[in-house]
$ cat data.csv   # CSV, C-alpha atoms
chain,number,residue,atom,x,y,z
P,97,MET,CA,-3.4,17.2,0.9
P,98,GLU,CA,-4.0,19.3,4.1
P,99,GLN,CA,-6.4,17.0,5.9
P,100,LYS,CA,-6.9,13.4,5.3
P,101,ILE,CA,-10.1,12.5,3.3
P,102,SER,CA,-11.5,9.1,3.9
P,103,ILE,CA,-12.1,7.5,0.6
P,104,SER,CA,-13.6,4.0,0.1
P,105,ASP,CA,-12.3,1.5,-2.4
P,106,SER,CA,-15.3,2.1,-4.6
P,107,GLU,CA,-14.8,5.9,-4.5
P,108,LEU,CA,-11.1,5.3,-5.3
P,109,GLU,CA,-12.1,3.6,-8.5
P,110,ILE,CA,-13.9,6.8,-9.6
P,111,LEU,CA,-10.8,8.8,-8.8
P,112,GLU,CA,-8.6,6.4,-10.7
P,113,VAL,CA,-10.7,6.8,-13.8
P,114,LEU,CA,-10.4,10.6,-13.5
P,115,TRP,CA,-6.6,10.5,-12.8
P,116,THR,CA,-6.1,8.2,-15.8
P,117,ALA,CA,-8.2,10.4,-18.1
P,118,ASP,CA,-6.3,13.5,-16.9
P,119,LYS,CA,-9.3,15.7,-17.9
P,120,ALA,CA,-12.8,16.4,-16.5
P,121,LEU,CA,-15.4,13.7,-17.4
P,122,ASN,CA,-19.1,13.6,-17.0
P,123,ALA,CA,-20.9,10.7,-15.2
P,124,GLY,CA,-21.6,8.9,-18.5
P,125,GLU,CA,-17.9,9.0,-19.5
P,126,ILE,CA,-16.9,7.7,-16.0
P,127,ARG,CA,-19.4,4.9,-16.3
P,128,ASN,CA,-18.0,4.0,-19.8
P,129,PHE,CA,-14.5,3.6,-18.3
P,130,LEU,CA,-15.8,1.6,-15.4
P,131,ASN,CA,-17.9,-0.7,-17.6
P,132,GLU,CA,-14.7,-2.3,-18.8
P,133,HIS,CA,-14.4,-4.2,-15.5
P,134,LYS,CA,-17.5,-3.2,-13.4
P,135,THR,CA,-21.2,-3.7,-13.8
P,136,TRP,CA,-22.3,-0.8,-11.5
P,137,GLU,CA,-25.6,0.8,-12.1
P,138,ARG,CA,-25.8,4.4,-13.2
P,139,THR,CA,-27.2,5.4,-9.8
P,140,THR,CA,-24.3,3.7,-7.9
P,141,ILE,CA,-21.8,5.7,-9.9
P,142,LEU,CA,-23.7,8.9,-9.3
P,143,THR,CA,-23.9,8.2,-5.6
P,144,LEU,CA,-20.1,7.6,-5.4
P,145,ILE,CA,-19.5,10.8,-7.4
P,146,GLN,CA,-21.7,12.8,-5.1
P,147,ARG,CA,-20.0,11.4,-2.0
P,148,LEU,CA,-16.6,12.5,-3.5
P,149,VAL,CA,-18.0,16.0,-4.2
P,150,LYS,CA,-19.2,16.3,-0.6
P,151,LYS,CA,-15.9,15.2,0.8
P,152,GLY,CA,-14.1,17.7,-1.3
P,153,ALA,CA,-12.2,15.1,-3.4
P,154,LEU,CA,-14.0,16.1,-6.7
P,155,LEU,CA,-14.8,19.4,-8.3
P,156,GLN,CA,-18.2,19.5,-10.0
P,157,GLU,CA,-18.5,21.9,-13.0
P,158,LYS,CA,-21.8,22.6,-14.7
P,159,ARG,CA,-21.6,22.7,-18.5
P,160,GLU,CA,-24.3,21.1,-20.6
P,161,VAL,CA,-24.1,18.4,-18.0
P,162,TYR,CA,-21.9,18.1,-14.9
P,163,TYR,CA,-18.2,17.4,-15.3
P,164,TYR,CA,-16.0,16.1,-12.6
P,165,SER,CA,-12.3,16.5,-11.9
P,166,PRO,CA,-10.2,15.4,-8.9
P,167,CYS,CA,-9.2,18.0,-6.3
P,168,ILE,CA,-6.3,15.8,-5.2
P,169,LYS,CA,-3.4,14.5,-7.2
P,170,ARG,CA,-2.9,10.8,-7.3
P,171,GLU,CA,0.6,11.2,-5.9
P,172,GLU,CA,-0.6,13.3,-3.0
P,173,TYR,CA,-3.3,10.7,-2.1
P,174,ILE,CA,-0.8,7.8,-2.3
P,175,LEU,CA,1.6,9.7,0.0
P,176,SER,CA,-1.1,10.5,2.5
P,177,GLU,CA,-2.3,6.9,2.5
P,178,THR,CA,1.2,5.5,2.8
P,179,LYS,CA,2.0,7.8,5.8
P,180,SER,CA,-1.3,6.7,7.4
P,181,PHE,CA,-0.5,3.0,6.8
P,182,VAL,CA,3.1,3.3,8.2
P,183,ASN,CA,1.8,5.3,11.2
P,184,LYS,CA,-1.0,2.8,11.9
P,185,PHE,CA,0.9,-0.5,11.5
P,186,PHE,CA,4.6,0.5,12.1
P,187,LYS,CA,4.3,3.4,14.5
P,188,GLY,CA,5.7,5.8,11.9
P,189,HIS,CA,8.9,3.8,11.3
P,190,THR,CA,9.3,3.1,7.6
P,191,LYS,CA,12.3,0.9,8.4
P,192,ASN,CA,9.9,-1.5,10.2
P,193,LEU,CA,7.8,-1.6,7.0
P,194,ALA,CA,10.8,-2.5,4.9
P,195,ALA,CA,11.8,-5.2,7.4
P,196,ALA,CA,8.3,-6.7,7.3
P,197,LEU,CA,8.4,-6.8,3.5
P,198,VAL,CA,11.8,-8.6,3.6
P,199,ASP,CA,10.8,-11.0,6.4
P,200,SER,CA,7.5,-11.9,4.5
P,201,ASP,CA,9.4,-12.8,1.3
P,202,ALA,CA,7.4,-10.1,-0.5
P,203,LEU,CA,10.6,-8.7,-1.9
P,204,THR,CA,12.8,-10.7,-4.3
P,205,LYS,CA,16.5,-10.3,-4.3
P,206,LYS,CA,16.1,-8.4,-7.5
P,207,ASP,CA,13.6,-6.0,-5.8
P,208,ILE,CA,16.1,-5.5,-3.0
P,209,GLU,CA,18.9,-4.7,-5.4
P,210,GLU,CA,16.7,-2.3,-7.3
P,211,LEU,CA,15.7,-0.5,-4.1
P,212,ARG,CA,19.4,-0.4,-3.0
P,213,ASP,CA,20.2,1.3,-6.4
P,214,TYR,CA,17.3,3.7,-6.0
P,215,PHE,CA,18.4,4.7,-2.5
P,216,ASN,CA,22.0,5.1,-3.5
P,217,GLN,CA,21.0,7.4,-6.5
P,218,ASN,CA,18.6,9.5,-4.4
P,219,LEU,CA,20.6,10.1,-1.3

$ encode --input "data.csv" --output "structure tokens"
Amino acid sequence: MEQKISISDSELEILEVLWTADKALNAGEIRNFLNEHKTWERTTILTLIQRLVKKGALLQEKREVYYYSPCIKREEYILSETKSFVNKFFKGHTKNLAAALVDSDALTKKDIEELRDYFNQNL
């Protein structure tokens, strides 16, 4: 992702549907996926979709109806948000994030062992 796109939590839910589907969907298909855990109106979903299109996060393709696909990969978005989070709260120091997680008891001993193994394998 070249420049950071600001995406709200609600907009992110639309993107998650499309990332999970791994294909272009129309607004009705997106709504069907969301109806499993949301009760958003059709107009709400259309508004969120149009916001994402304007932001450049979704590609809109006209067929018999409009189909939408993400312009950003989930992994790219996660990386961008993670960097932003670390910069904002830990002045860019990932070590400080790890220390905060350990200090807050958010990581179990098993988590720490798995992370140690991960780092040892990927260094």

$ residues_around --input "data.csv" --residues "region 102-119 of chain P" --least-positions-apart "5" --cutoff "9 Å" --atoms "all atoms listed in the file" --output "JSON, numbers by chain"
{"P": [126, 127, 129, 130, 141, 144, 145, 147, 148, 151, 153, 154, 164, 165, 166, 169, 170]}

$ residues_around --input "data.csv" --residues "region 175-180 of chain P" --least-positions-apart "3" --cutoff "12 Å" --atoms "only C-alpha atoms" --output "ChimeraX atom specification"
/P:97-104,108,168-172,183-190,193

$ residues_around --input "data.csv" --residues "Arg159 (chain P)" --least-positions-apart "3" --cutoff "12 Å" --atoms "all atoms listed in the file" --output "PyMOL selection string"
chain P and resi 120-122+156+162-164

$ atom_distance --input "data.csv" --atom1 "CA of Glu125 (chain P)" --atom2 "CA of Arg138 (chain P)"
11.1 Å

$ atom_distance --input "data.csv" --atom1 "CA of Leu197 (chain P)" --atom2 "CA of Leu211 (chain P)"
12.3 Å

$ atom_distance --input "data.csv" --atom1 "CA of Ala123 (chain P)" --atom2 "CA of Thr135 (chain P)"
14.5 Å

$ residues_around --input "data.csv" --residues "region 212-216 of chain P" --least-positions-apart "6" --cutoff "12 Å" --atoms "only C-alpha atoms" --output "ChimeraX atom specification"
/P:194,205-206

$ closest_residue --input "data.csv" --among "P:Val182, P:Asn131, P:Glu157, P:Trp136" --to "Ala196 (chain P)" --atoms "only C-alpha atoms"
P:Val182
